[in-house]
>>> print(open('run-v5.txt').read())   # compact mmCIF, C-alpha atoms and all ligand atoms
# COMPACT_ATOMS: atom_id res chain seq x y z
CA MET A 68 151.81 12.74 175.84
CA PRO A 69 155.39 11.65 175.13
CA THR A 70 158.02 14.38 174.94
CA ALA A 71 160.19 14.90 171.87
CA ARG A 72 163.07 13.29 173.76
CA GLU A 73 160.97 10.20 174.47
CA LEU A 74 159.85 9.99 170.82
CA LEU A 75 163.48 10.15 169.71
CA ALA A 76 164.50 7.46 172.19
CA GLU A 77 161.67 5.30 170.91
CA ALA A 78 162.71 5.83 167.27
CA LYS A 79 166.35 5.08 168.08
CA SER A 80 165.42 1.87 169.85
CA ALA A 81 163.66 0.68 166.66
CA ILE A 82 166.51 1.38 164.24
CA ARG A 83 170.19 0.68 163.75
CA GLU A 84 172.69 3.55 163.79
CA VAL A 85 176.16 3.69 162.25
CA ASP A 86 178.91 6.24 162.71
CA PRO A 87 180.35 8.11 159.69
CA ALA A 88 183.40 5.81 159.54
CA GLU A 89 181.19 2.75 159.14
CA ALA A 90 178.87 4.58 156.73
CA GLU A 91 181.82 5.51 154.53
CA THR A 92 182.63 1.83 153.96
CA SER A 93 179.31 1.45 152.15
CA LEU A 94 179.83 4.42 149.78
CA GLY A 95 179.12 3.16 146.29
CA GLN A 96 177.06 0.23 147.58
CA ALA A 97 174.34 1.69 149.77
CA ILE A 98 172.00 4.52 148.78
CA PHE A 99 172.76 7.63 150.84
CA LEU A 100 169.49 9.41 151.54
CA ASP A 101 169.77 13.06 152.57
CA VAL A 102 166.62 14.15 154.44
CA ARG A 103 167.65 17.76 155.13
CA GLU A 104 165.89 20.85 153.79
CA PRO A 105 166.85 22.11 150.29
CA ASP A 106 168.90 25.07 151.59
CA GLU A 107 170.99 22.75 153.78
CA TYR A 108 171.47 20.26 150.96
CA GLU A 109 172.62 22.96 148.54
CA GLN A 110 175.45 23.95 150.89
CA GLY A 111 177.01 20.53 150.48
CA ALA A 112 176.11 16.85 150.55
CA LEU A 113 177.59 13.39 150.31
CA PRO A 114 178.62 12.46 146.78
CA GLY A 115 175.75 10.84 144.88
CA ALA A 116 173.25 11.26 147.71
CA VAL A 117 169.53 11.11 146.98
CA HIS A 118 167.88 14.21 148.38
CA LEU A 119 164.40 13.90 149.85
CA PRO A 120 163.48 16.32 152.65
CA ARG A 121 162.05 14.69 155.78
CA GLY A 122 158.70 16.44 155.23
CA HIS A 123 158.17 14.67 151.88
CA LEU A 124 159.51 11.30 152.99
CA GLU A 125 156.31 9.28 153.53
CA PHE A 126 154.73 10.29 150.23
CA GLN A 127 157.75 10.22 147.95
CA VAL A 128 160.22 7.66 149.22
CA GLU A 129 158.59 4.69 147.52
CA GLY A 130 158.73 6.49 144.17
CA ARG A 131 162.36 7.53 144.64
CA LEU A 132 163.63 4.28 146.18
CA PRO A 133 161.42 1.54 144.76
CA ASP A 134 163.63 -1.38 145.88
CA LYS A 135 162.90 -1.81 149.59
CA THR A 136 165.64 -4.41 150.10
CA LYS A 137 168.53 -2.18 148.97
CA PRO A 138 170.76 -0.90 151.78
CA VAL A 139 170.09 2.74 152.67
CA VAL A 140 172.09 5.09 154.89
CA VAL A 141 169.88 8.01 155.99
CA TYR A 142 171.50 11.20 157.18
CA CYS A 143 170.51 14.71 158.18
CA ALA A 144 172.57 17.48 159.79
CA GLY A 145 173.04 15.93 163.23
CA GLY A 146 171.35 12.51 163.30
CA VAL A 147 167.93 13.33 164.80
CA ARG A 148 165.75 13.75 161.71
CA SER A 149 167.50 10.79 160.10
CA ALA A 150 166.62 8.61 163.11
CA PHE A 151 162.93 9.45 162.68
CA ALA A 152 163.22 8.97 158.91
CA ALA A 153 164.85 5.55 159.33
CA LYS A 154 162.08 4.53 161.73
CA THR A 155 159.42 5.63 159.21
CA MET A 156 161.14 3.74 156.40
CA GLY A 157 161.20 0.60 158.54
CA ASP A 158 157.46 1.03 159.08
CA LEU A 159 157.03 1.35 155.29
CA GLY A 160 158.72 -2.02 154.78
CA TYR A 161 162.33 -1.03 153.99
CA THR A 162 164.46 -3.86 155.32
CA ASP A 163 168.01 -2.49 155.39
CA VAL A 164 168.02 1.12 156.63
CA VAL A 165 170.50 2.70 159.01
CA SER A 166 170.75 6.23 160.37
CA MET A 167 174.13 8.00 160.44
CA VAL A 168 175.05 9.27 163.91
CA GLY A 169 176.23 12.89 163.94
CA GLY A 170 174.90 13.45 160.42
CA PHE A 171 176.50 15.53 157.71
CA ASN A 172 178.16 17.89 160.20
CA ARG A 173 180.21 15.14 161.82
CA TRP A 174 180.91 13.54 158.42
CA LYS A 175 182.30 16.86 157.17
CA ASP A 176 184.21 17.60 160.42
CA GLU A 177 185.93 14.24 160.11
CA GLY A 178 187.21 15.22 156.66
CA ARG A 179 185.18 12.72 154.68
CA PRO A 180 184.28 13.40 151.03
CA TRP A 181 181.45 15.79 150.19
CA ALA A 182 180.57 18.20 147.40
CA SER A 183 178.21 21.02 146.54
CA PRO A 184 175.46 19.31 144.57
CA ARG A 185 174.35 20.73 141.23
CA THR A 186 170.87 22.13 141.61
CA LEU A 187 168.25 23.85 139.50
CA THR A 188 168.03 27.64 139.53
CA PRO A 189 164.89 29.19 141.05
CA GLU A 190 163.64 29.93 137.49
CA GLN A 191 164.18 26.30 136.49
CA ARG A 192 162.45 25.08 139.64
CA ASN A 193 159.45 27.12 138.61
CA ARG A 194 159.53 26.13 134.94
CA TYR A 195 159.86 22.40 135.64
CA GLN A 196 157.67 22.37 138.77
CA ARG A 197 155.27 19.76 137.34
CA HIS A 198 158.23 17.45 136.70
CA LEU A 199 159.63 18.03 140.18
CA LEU A 200 156.29 16.99 141.66
CA LEU A 201 156.75 13.56 140.07
CA PRO A 202 159.06 11.57 142.36
CA GLU A 203 160.03 9.42 139.34
CA VAL A 204 161.51 12.52 137.68
CA GLY A 205 162.35 14.97 140.47
CA GLU A 206 165.32 17.32 140.47
CA GLU A 207 167.74 14.52 139.61
CA GLY A 208 165.71 13.55 136.54
CA GLN A 209 165.31 17.15 135.45
CA LEU A 210 169.06 17.71 135.70
CA ARG A 211 169.55 14.57 133.62
CA LEU A 212 167.19 15.92 130.94
CA LEU A 213 169.06 19.23 130.94
CA ASP A 214 172.29 17.28 130.39
CA SER A 215 170.78 15.18 127.60
CA LYS A 216 171.41 15.54 123.89
CA VAL A 217 168.76 14.44 121.42
CA LEU A 218 169.13 14.56 117.65
CA LEU A 219 166.02 15.03 115.53
CA LEU A 220 166.07 13.83 111.96
CA GLY A 221 163.78 16.27 110.21
CA ALA A 222 161.97 19.42 111.30
CA GLY A 223 158.79 18.36 109.55
CA GLY A 224 155.56 16.68 110.58
CA LEU A 225 157.01 14.34 113.20
CA GLY A 226 160.00 16.48 114.14
CA SER A 227 157.82 19.50 114.93
CA PRO A 228 155.79 18.12 117.87
CA ALA A 229 158.76 16.02 119.04
CA ALA A 230 161.03 19.08 119.12
CA LEU A 231 158.44 21.29 120.84
CA TYR A 232 157.78 18.79 123.63
CA LEU A 233 161.43 17.86 124.11
CA ALA A 234 162.34 21.53 124.37
CA ALA A 235 159.46 22.24 126.73
CA ALA A 236 160.50 19.29 128.91
CA GLY A 237 163.99 20.76 129.22
CA VAL A 238 166.12 18.44 127.09
CA GLY A 239 169.24 20.58 127.19
CA THR A 240 170.62 20.02 123.70
CA ILE A 241 168.47 19.43 120.65
CA GLY A 242 170.11 18.84 117.30
CA ILE A 243 168.02 19.19 114.15
CA ILE A 244 168.92 18.01 110.66
CA ASP A 245 166.88 19.30 107.75
CA MET A 246 167.88 20.71 104.40
CA ASP A 247 164.46 22.01 103.32
CA VAL A 248 162.99 25.49 103.45
CA VAL A 249 159.57 26.24 104.91
CA ASP A 250 156.80 25.98 102.34
CA GLU A 251 153.21 27.06 102.83
CA SER A 252 152.06 23.47 102.23
CA ASN A 253 154.07 22.41 105.33
CA LEU A 254 151.99 24.50 107.72
CA GLN A 255 149.05 22.05 107.68
CA ARG A 256 151.05 19.90 110.16
CA GLN A 257 154.59 21.24 110.76
CA VAL A 258 153.78 23.34 113.81
CA LEU A 259 157.37 24.51 114.42
CA HIS A 260 156.98 26.92 111.51
CA ASN A 261 154.60 29.73 110.60
CA ILE A 262 153.57 31.95 107.73
CA GLU A 263 156.29 34.52 108.42
CA ARG A 264 158.96 31.85 107.99
CA VAL A 265 157.92 30.70 104.51
CA GLY A 266 161.10 30.54 102.42
CA GLU A 267 163.35 30.36 105.50
CA ARG A 268 165.54 27.37 106.22
CA LYS A 269 163.60 24.92 108.37
CA VAL A 270 166.45 24.49 110.84
CA ASP A 271 166.57 28.26 111.44
CA SER A 272 162.81 28.48 111.87
CA ALA A 273 162.92 25.52 114.28
CA LYS A 274 165.69 27.13 116.30
CA LYS A 275 163.75 30.38 116.67
CA THR A 276 160.62 28.57 117.85
CA LEU A 277 162.43 26.33 120.33
CA THR A 278 164.60 29.07 121.79
CA ALA A 279 161.54 31.27 122.30
CA LEU A 280 159.81 28.37 124.07
CA ASN A 281 162.70 27.48 126.37
CA PRO A 282 165.94 29.46 126.65
CA ASP A 283 167.51 26.55 128.60
CA VAL A 284 167.75 24.61 125.35
CA THR A 285 170.76 24.76 123.07
CA VAL A 286 169.70 24.08 119.48
CA ALA A 287 172.33 22.72 117.09
CA THR A 288 171.32 22.93 113.43
CA TYR A 289 172.50 20.88 110.47
CA ASP A 290 171.31 22.25 107.14
CA VAL A 291 172.70 19.27 105.23
CA ARG A 292 171.64 16.11 103.51
CA LEU A 293 172.35 13.20 105.85
CA GLY A 294 174.64 10.83 103.99
CA ALA A 295 177.28 8.17 104.42
CA ASP A 296 179.95 10.87 104.48
CA ASN A 297 178.57 12.77 107.48
CA VAL A 298 176.17 10.54 109.45
CA LEU A 299 178.75 9.16 111.92
CA ASP A 300 180.14 12.62 112.68
CA ILE A 301 176.72 14.18 113.11
CA ILE A 302 175.23 11.56 115.43
CA ASP A 303 178.39 11.27 117.53
CA GLY A 304 177.85 12.40 121.12
CA TYR A 305 174.06 12.33 121.04
CA ASP A 306 172.28 10.22 123.66
CA LEU A 307 169.33 9.47 121.45
CA ILE A 308 168.02 9.93 117.91
CA VAL A 309 164.40 10.75 117.09
CA ASP A 310 163.82 9.62 113.54
CA GLY A 311 161.15 11.51 111.64
CA THR A 312 162.47 10.85 108.14
CA ASP A 313 160.18 9.68 105.39
CA ASN A 314 162.46 7.66 103.13
CA PHE A 315 163.91 4.20 103.35
CA PRO A 316 167.57 4.83 102.42
CA THR A 317 167.90 7.36 105.28
CA ARG A 318 166.24 5.03 107.79
CA TYR A 319 168.63 2.19 106.92
CA LEU A 320 171.60 4.53 106.95
CA VAL A 321 170.63 5.89 110.38
CA ASN A 322 169.94 2.40 111.69
CA ASP A 323 173.38 1.12 110.72
CA ALA A 324 175.21 4.22 111.95
CA ALA A 325 173.28 4.21 115.25
CA LEU A 326 174.17 0.53 115.78
CA LEU A 327 177.85 1.34 115.26
CA LYS A 328 177.64 4.20 117.77
CA ARG A 329 175.21 2.34 120.05
CA ILE A 330 172.72 5.20 120.10
CA PRO A 331 169.03 4.31 120.56
CA VAL A 332 166.64 5.47 117.84
CA VAL A 333 163.02 6.39 118.49
CA HIS A 334 161.40 5.59 115.18
CA GLY A 335 158.14 7.08 113.95
CA SER A 336 156.34 6.91 110.65
CA ILE A 337 153.00 8.06 109.27
CA PHE A 338 150.93 7.19 106.23
CA ARG A 339 147.53 8.71 105.41
CA PHE A 340 145.54 7.95 108.62
CA GLU A 341 147.98 5.55 110.29
CA GLY A 342 151.13 5.87 112.29
CA GLN A 343 153.73 3.68 113.99
CA VAL A 344 156.20 4.18 116.81
CA THR A 345 158.93 1.90 118.13
CA VAL A 346 162.32 2.17 119.80
CA PHE A 347 165.47 0.56 118.41
CA ASP A 348 167.85 0.10 121.34
CA PRO A 349 171.10 -1.23 119.87
CA TYR A 350 171.68 -4.89 120.77
CA ASN A 351 169.07 -4.75 123.55
CA GLY A 352 166.22 -5.10 121.08
CA PRO A 353 165.55 -5.41 117.38
CA CYS A 354 166.87 -2.87 114.90
CA TYR A 355 165.14 -1.39 111.87
CA ARG A 356 166.49 -4.16 109.65
CA CYS A 357 165.09 -6.82 112.02
CA LEU A 358 161.69 -5.17 111.57
CA ILE A 359 161.91 -4.39 107.85
CA PRO A 360 164.69 -6.49 106.28
CA GLU A 361 164.35 -4.76 102.92
CA PRO A 362 162.41 -1.78 101.66
CA PRO A 363 159.20 -2.31 99.70
CA PRO A 364 159.31 -1.55 95.97
CA ALA A 365 159.16 2.19 95.32
CA GLU A 366 155.68 2.01 93.78
CA LEU A 367 154.32 0.51 97.04
CA ALA A 368 156.02 3.09 99.26
CA PRO A 369 154.75 6.52 98.30
CA SER A 370 155.99 9.33 100.51
CA CYS A 371 153.50 11.51 102.38
CA ALA A 372 154.00 14.11 99.65
CA GLU A 373 152.33 11.68 97.27
CA ALA A 374 149.92 9.85 99.57
CA GLY A 375 148.66 12.64 101.78
CA VAL A 376 148.49 12.70 105.56
CA LEU A 377 145.86 13.93 107.98
CA GLY A 378 147.22 17.06 109.68
CA VAL A 379 146.83 16.01 113.33
CA LEU A 380 148.31 12.55 112.88
CA PRO A 381 152.00 13.56 112.96
CA GLY A 382 151.18 15.55 116.11
CA ILE A 383 150.15 12.33 117.83
CA ILE A 384 152.99 10.16 116.53
CA GLY A 385 155.67 12.83 117.04
CA SER A 386 154.44 13.42 120.59
CA LEU A 387 154.66 9.70 121.30
CA GLN A 388 158.23 9.77 120.00
CA ALA A 389 159.04 12.63 122.38
CA LEU A 390 157.51 10.67 125.25
CA GLU A 391 159.49 7.53 124.43
CA ALA A 392 162.65 9.66 124.17
CA ILE A 393 162.10 11.10 127.65
CA LYS A 394 161.39 7.64 129.08
CA MET A 395 164.62 6.33 127.57
CA LEU A 396 166.62 9.29 128.91
CA LEU A 397 165.20 8.90 132.41
CA GLY A 398 164.97 5.10 132.49
CA LEU A 399 161.23 5.37 133.13
CA GLY A 400 158.66 2.62 132.64
CA ASP A 401 158.65 0.30 129.65
CA PRO A 402 159.82 1.97 126.46
CA LEU A 403 158.74 0.51 123.10
CA VAL A 404 161.88 -1.63 122.77
CA GLY A 405 160.87 -4.82 120.96
CA ARG A 406 157.33 -3.52 120.56
CA LEU A 407 155.70 -1.63 117.71
CA LEU A 408 152.80 0.65 118.53
CA ALA A 409 150.42 1.09 115.60
CA TYR A 410 147.82 3.85 115.61
CA ASP A 411 144.77 3.98 113.36
CA ALA A 412 143.19 7.43 113.41
CA LEU A 413 139.96 6.41 111.64
CA GLU A 414 139.29 3.54 114.06
CA GLU A 415 140.83 5.57 116.89
CA SER A 416 142.73 2.50 118.04
CA PHE A 417 146.21 1.71 119.32
CA ARG A 418 147.65 -1.79 118.94
CA THR A 419 151.01 -3.10 120.09
CA PHE A 420 152.92 -5.84 118.30
CA LYS A 421 155.97 -7.72 119.53
CA VAL A 422 159.05 -7.37 117.36
CA GLN A 423 161.82 -9.91 117.79
CA ARG A 424 165.50 -9.52 117.03
CA ASP A 425 166.42 -11.39 113.87
CA PRO A 426 169.39 -13.69 114.62
CA ALA A 427 170.38 -13.44 110.96
CA CYS A 428 170.02 -9.65 110.82
CA PRO A 429 172.64 -8.23 108.43
CA ALA A 430 173.07 -5.19 110.69
CA CYS A 431 172.75 -6.32 114.33
CA GLY A 432 173.22 -10.09 113.98
CA PRO A 433 176.33 -11.80 115.39
CA ASP A 434 178.01 -11.98 111.96
CA ALA A 435 177.19 -8.44 110.91
CA GLU A 436 180.01 -6.15 109.89
CA ILE A 437 178.63 -2.79 108.98
CA VAL A 438 180.39 -0.34 106.75
CA ILE A 439 178.55 2.93 106.30
CA ALA A 440 178.08 3.77 102.65
CA GLU A 441 175.43 5.32 100.42
CA TYR A 442 172.59 2.90 99.87
CA ASP A 443 171.05 2.09 96.55
CA GLU A 444 167.34 1.43 96.16
CA LEU A 445 167.79 -1.98 97.84
CA CYS A 446 169.30 -0.34 100.94
CA MET A 447 171.38 -3.43 101.68
CA PRO A 448 174.16 -2.95 104.21
CA HIS A 449 177.58 -2.81 102.66
CA ARG A 450 179.93 -5.61 103.54
CA PRO A 451 183.58 -4.73 103.97
CA HIS A 452 184.68 -6.42 100.74
CA LEU A 453 182.02 -4.52 98.80
CA ALA A 454 183.20 -1.25 100.25
CA HIS A 455 186.77 -2.05 99.25
CA ALA A 456 185.68 -2.94 95.75
CA GLU A 457 183.93 0.41 95.49
CA ALA A 458 186.88 2.28 96.84
CA GLY A 459 189.08 0.63 94.21
ZN ZN B 501 168.78 -6.04 113.44
>>> encode(input="run-v5.txt", output="structure tokens")
Amino acid sequence: MPTARELLAEAKSAIREVDPAEAETSLGQAIFLDVREPDEYEQGALPGAVHLPRGHLEFQVEGRLPDKTKPVVVYCAGGVRSAFAAKTMGDLGYTDVVSMVGGFNRWKDEGRPWASPRTLTPEQRNRYQRHLLLPEVGEEGQLRLLDSKVLLLGAGGLGSPAALYLAAAGVGTIGIIDMDVVDESNLQRQVLHNIERVGERKVDSAKKTLTALNPDVTVATYDVRLGADNVLDIIDGYDLIVDGTDNFPTRYLVNDAALLKRIPVVHGSIFRFEGQVTVFDPYNGPCYRCLIPEPPPAELAPSCAEAGVLGVLPGIIGSLQALEAIKMLLGLGDPLVGRLLAYDALEESFRTFKVQRDPACPACGPDAEIVIAEYDELCMPHRPHLAHAEAG
């Protein structure tokens, strides 16, 4: 049986070690991997370090650091655990891993930069435990969600499930625009509201429900009609927009404003037994006008008030919107950028279609010059000269 000392010597002979001075030269280029226990990490760590305790290394490192060719500097408190960790990572196929001699203690003693990392509270650790168990989310991802701001257009059929799941997932700021009051006929699908809230403003009802679900969430309410006069101010500062509106002028208005502000829009729509979801990521994929250059004639585009909608359907589409929103916020997987997901409830089928950017798009094309203004029934973007003519 080898002794611990022999095991360490063996590990050290298989890895490369650097001292803190050399490690510091790769700050900003290499990934610094902190393999200490959570209580050590919380006392202070290298700026931007990825924290993964030694005990979880084998099972989580490939999820946290998927690129095995990227340079990694592993450190612990004194350089022993990091030597073993570097050896293990080499065995797992990581090609550029070094262990920092003397660890965090020597780094700190030598006066090099460190900080107390932001961490979740014990209550948050418990609430978001199922997220923390996913290496692709983890504490870093959860903190990012808590810092995120998502704006929901509408607290209705799509906005209800989207808001509930975003709040439950810990999206820290949720804005909701809606100028309606709760009506009994809403309750067939708008699960944010209930019978006691009939007659109440939807934004207030939504805020009560979301705050009761998750007190971590700040809910900003806008009991206004979204228009050319306020859209840029309202969407400013949000990371993402979840569009659950049911009319064409608002969709075009939001599209153009979101392009100007470069805010991605998770679009959802429902009609009778069918629904669609896609993500408009400004200039990285098509926009709403690339997909639907002009609105259909009013007689071919009845709203769900006129056409009816199966009650569960918005639950499915709105939940997909919430999922796409979280993927966009965390940079997870393949969001529906340039793809339209179409759901048919009667067939119980999902189909995905490719959507290309339109090089001649009047909103996101190279010659586009958007001026935000109220749209008529044609919803065409306003060109600067038109806007001037109107102003005069
Ligand atoms: Zn476009």
>>> closest_residue(input="run-v5.txt", among="A:Gln423, A:Gln255, A:Thr317, A:Thr285", to="Leu220 (chain A)", atoms="only C-alpha atoms")
A:Thr317
>>> atom_distance(input="run-v5.txt", atom1="CA of Ser215 (chain A)", atom2="CA of Ile337 (chain A)")
26.5 Å
>>> residues_near_ligand(input="run-v5.txt", ligand="ligand ZN 501 (chain B)", cutoff="7 Å", atoms="only C-alpha atoms and all ligand atoms", output="list in words")
Pro353, Cys354, Tyr355, Arg356, Cys357, Arg424, Asp425, Cys428, Pro429, Ala430, Cys431 and Gly432 of chain A
>>> residues_around(input="run-v5.txt", residues="region 231-243 of chain A", least_positions_apart="4", cutoff="8 Å", atoms="only C-alpha atoms", output="PDB file with C-alpha atoms, keeping the file's coordinate frame")
ATOM      1  CA  TYR A 195     159.860  22.400 135.640  1.00  0.00           C
ATOM      2  CA  GLN A 209     165.310  17.150 135.450  1.00  0.00           C
ATOM      3  CA  LEU A 212     167.190  15.920 130.940  1.00  0.00           C
ATOM      4  CA  LEU A 213     169.060  19.230 130.940  1.00  0.00           C
ATOM      5  CA  ASP A 214     172.290  17.280 130.390  1.00  0.00           C
ATOM      6  CA  SER A 215     170.780  15.180 127.600  1.00  0.00           C
ATOM      7  CA  LYS A 216     171.410  15.540 123.890  1.00  0.00           C
ATOM      8  CA  VAL A 217     168.760  14.440 121.420  1.00  0.00           C
ATOM      9  CA  LEU A 218     169.130  14.560 117.650  1.00  0.00           C
ATOM     10  CA  LEU A 219     166.020  15.030 115.530  1.00  0.00           C
ATOM     11  CA  LEU A 220     166.070  13.830 111.960  1.00  0.00           C
ATOM     12  CA  GLY A 221     163.780  16.270 110.210  1.00  0.00           C
ATOM     13  CA  ALA A 222     161.970  19.420 111.300  1.00  0.00           C
ATOM     14  CA  SER A 227     157.820  19.500 114.930  1.00  0.00           C
ATOM     15  CA  LEU A 259     157.370  24.510 114.420  1.00  0.00           C
ATOM     16  CA  VAL A 270     166.450  24.490 110.840  1.00  0.00           C
ATOM     17  CA  LEU A 277     162.430  26.330 120.330  1.00  0.00           C
ATOM     18  CA  LEU A 280     159.810  28.370 124.070  1.00  0.00           C
ATOM     19  CA  ASN A 281     162.700  27.480 126.370  1.00  0.00           C
ATOM     20  CA  ASP A 283     167.510  26.550 128.600  1.00  0.00           C
ATOM     21  CA  VAL A 284     167.750  24.610 125.350  1.00  0.00           C
ATOM     22  CA  THR A 285     170.760  24.760 123.070  1.00  0.00           C
ATOM     23  CA  VAL A 286     169.700  24.080 119.480  1.00  0.00           C
ATOM     24  CA  ALA A 287     172.330  22.720 117.090  1.00  0.00           C
ATOM     25  CA  THR A 288     171.320  22.930 113.430  1.00  0.00           C
ATOM     26  CA  TYR A 289     172.500  20.880 110.470  1.00  0.00           C
ATOM     27  CA  SER A 386     154.440  13.420 120.590  1.00  0.00           C
ATOM     28  CA  ALA A 389     159.040  12.630 122.380  1.00  0.00           C
ATOM     29  CA  ILE A 393     162.100  11.100 127.650  1.00  0.00           C
TER      30      ILE A 393
END
>>> residues_around(input="run-v5.txt", residues="region 89-96 of chain A", least_positions_apart="2", cutoff="12 Å", atoms="only C-alpha atoms", output="PyMOL selection string")
chain A and resi 83-87+98-100+113-116+137-142+164-171+173-175+177-181
>>> closest_residue(input="run-v5.txt", among="A:Thr186, A:Phe151, A:Ala412, A:Gln343", to="Gly208 (chain A)", atoms="only C-alpha atoms")
A:Thr186
>>> residues_around(input="run-v5.txt", residues="region 196-205 of chain A", least_positions_apart="4", cutoff="7 Å", atoms="only C-alpha atoms", output="NGL selection string")
:A and (127 or 130-131 or 192 or 209)
>>> residues_around(input="run-v5.txt", residues="region 329-336 of chain A", least_positions_apart="3", cutoff="6 Å", atoms="all atoms listed in the file", output="list in words")
Leu307, Ile308, Val309, Asp310, Gly311, Ala325, Leu326, Gly342, Gln343, Val344, Thr345, Val346, Phe347, Asp348 and Pro349 of chain A
>>> atom_distance(input="run-v5.txt", atom1="CA of Ser183 (chain A)", atom2="CA of Asp106 (chain A)")
11.3 Å
>>> atom_distance(input="run-v5.txt", atom1="CA of Gly122 (chain A)", atom2="CA of Arg194 (chain A)")
22.5 Å
>>> closest_residue(input="run-v5.txt", among="A:Ala229, A:Val438, A:Ala71, A:Ala112", to="Ala144 (chain A)", atoms="only C-alpha atoms")
A:Ala112
>>> closest_residue(input="run-v5.txt", among="A:Leu159, A:Gly352, A:Phe417, A:Asp290", to="Phe126 (chain A)", atoms="all atoms listed in the file")
A:Leu159
>>> decode(input="run-v5.txt", residues="region 411-422 of chain A", atoms="N, CA, C and O atoms", output="mmCIF file, in the first residue's frame")
data_model
loop_
_atom_site.group_PDB
_atom_site.id
_atom_site.type_symbol
_atom_site.label_atom_id
_atom_site.label_comp_id
_atom_site.auth_asym_id
_atom_site.auth_seq_id
_atom_site.Cartn_x
_atom_site.Cartn_y
_atom_site.Cartn_z
ATOM 1 N N ASP A 411 -48.773 20.992 -32.613
ATOM 2 C CA ASP A 411 -50.158 20.694 -32.957
ATOM 3 C C ASP A 411 -50.724 19.801 -31.861
ATOM 4 O O ASP A 411 -50.317 18.647 -31.709
ATOM 5 N N ALA A 412 -51.650 20.353 -31.078
ATOM 6 C CA ALA A 412 -52.162 19.627 -29.908
ATOM 7 C C ALA A 412 -53.029 18.437 -30.308
ATOM 8 O O ALA A 412 -53.049 17.427 -29.614
ATOM 9 N N LEU A 413 -53.757 18.542 -31.428
ATOM 10 C CA LEU A 413 -54.646 17.439 -31.820
ATOM 11 C C LEU A 413 -53.841 16.249 -32.322
ATOM 12 O O LEU A 413 -54.149 15.101 -32.010
ATOM 13 N N GLU A 414 -52.800 16.541 -33.095
ATOM 14 C CA GLU A 414 -51.894 15.468 -33.567
ATOM 15 C C GLU A 414 -50.942 15.035 -32.466
ATOM 16 O O GLU A 414 -50.338 13.979 -32.555
ATOM 17 N N GLU A 415 -50.748 15.906 -31.494
ATOM 18 C CA GLU A 415 -49.699 15.784 -30.472
ATOM 19 C C GLU A 415 -48.338 15.653 -31.158
ATOM 20 O O GLU A 415 -47.623 14.664 -31.019
ATOM 21 N N SER A 416 -48.012 16.669 -31.945
ATOM 22 C CA SER A 416 -46.740 16.634 -32.671
ATOM 23 C C SER A 416 -46.019 17.978 -32.576
ATOM 24 O O SER A 416 -46.660 19.030 -32.487
ATOM 25 N N PHE A 417 -44.697 17.891 -32.532
ATOM 26 C CA PHE A 417 -43.839 19.073 -32.595
ATOM 27 C C PHE A 417 -43.067 19.008 -33.912
ATOM 28 O O PHE A 417 -42.524 17.948 -34.253
ATOM 29 N N ARG A 418 -42.990 20.104 -34.621
ATOM 30 C CA ARG A 418 -42.151 20.160 -35.825
ATOM 31 C C ARG A 418 -41.301 21.419 -35.751
ATOM 32 O O ARG A 418 -41.758 22.448 -35.256
ATOM 33 N N THR A 419 -40.073 21.317 -36.269
ATOM 34 C CA THR A 419 -39.213 22.498 -36.288
ATOM 35 C C THR A 419 -38.930 22.892 -37.728
ATOM 36 O O THR A 419 -38.654 22.028 -38.560
ATOM 37 N N PHE A 420 -39.024 24.182 -37.991
ATOM 38 C CA PHE A 420 -38.737 24.705 -39.328
ATOM 39 C C PHE A 420 -37.587 25.695 -39.234
ATOM 40 O O PHE A 420 -37.499 26.455 -38.278
ATOM 41 N N LYS A 421 -36.731 25.672 -40.243
ATOM 42 C CA LYS A 421 -35.653 26.673 -40.300
ATOM 43 C C LYS A 421 -36.236 28.014 -40.747
ATOM 44 O O LYS A 421 -37.089 28.048 -41.617
ATOM 45 N N VAL A 422 -35.759 29.074 -40.128
ATOM 46 C CA VAL A 422 -36.152 30.418 -40.554
ATOM 47 C C VAL A 422 -34.875 31.184 -40.866
ATOM 48 O O VAL A 422 -33.971 31.254 -40.027
#
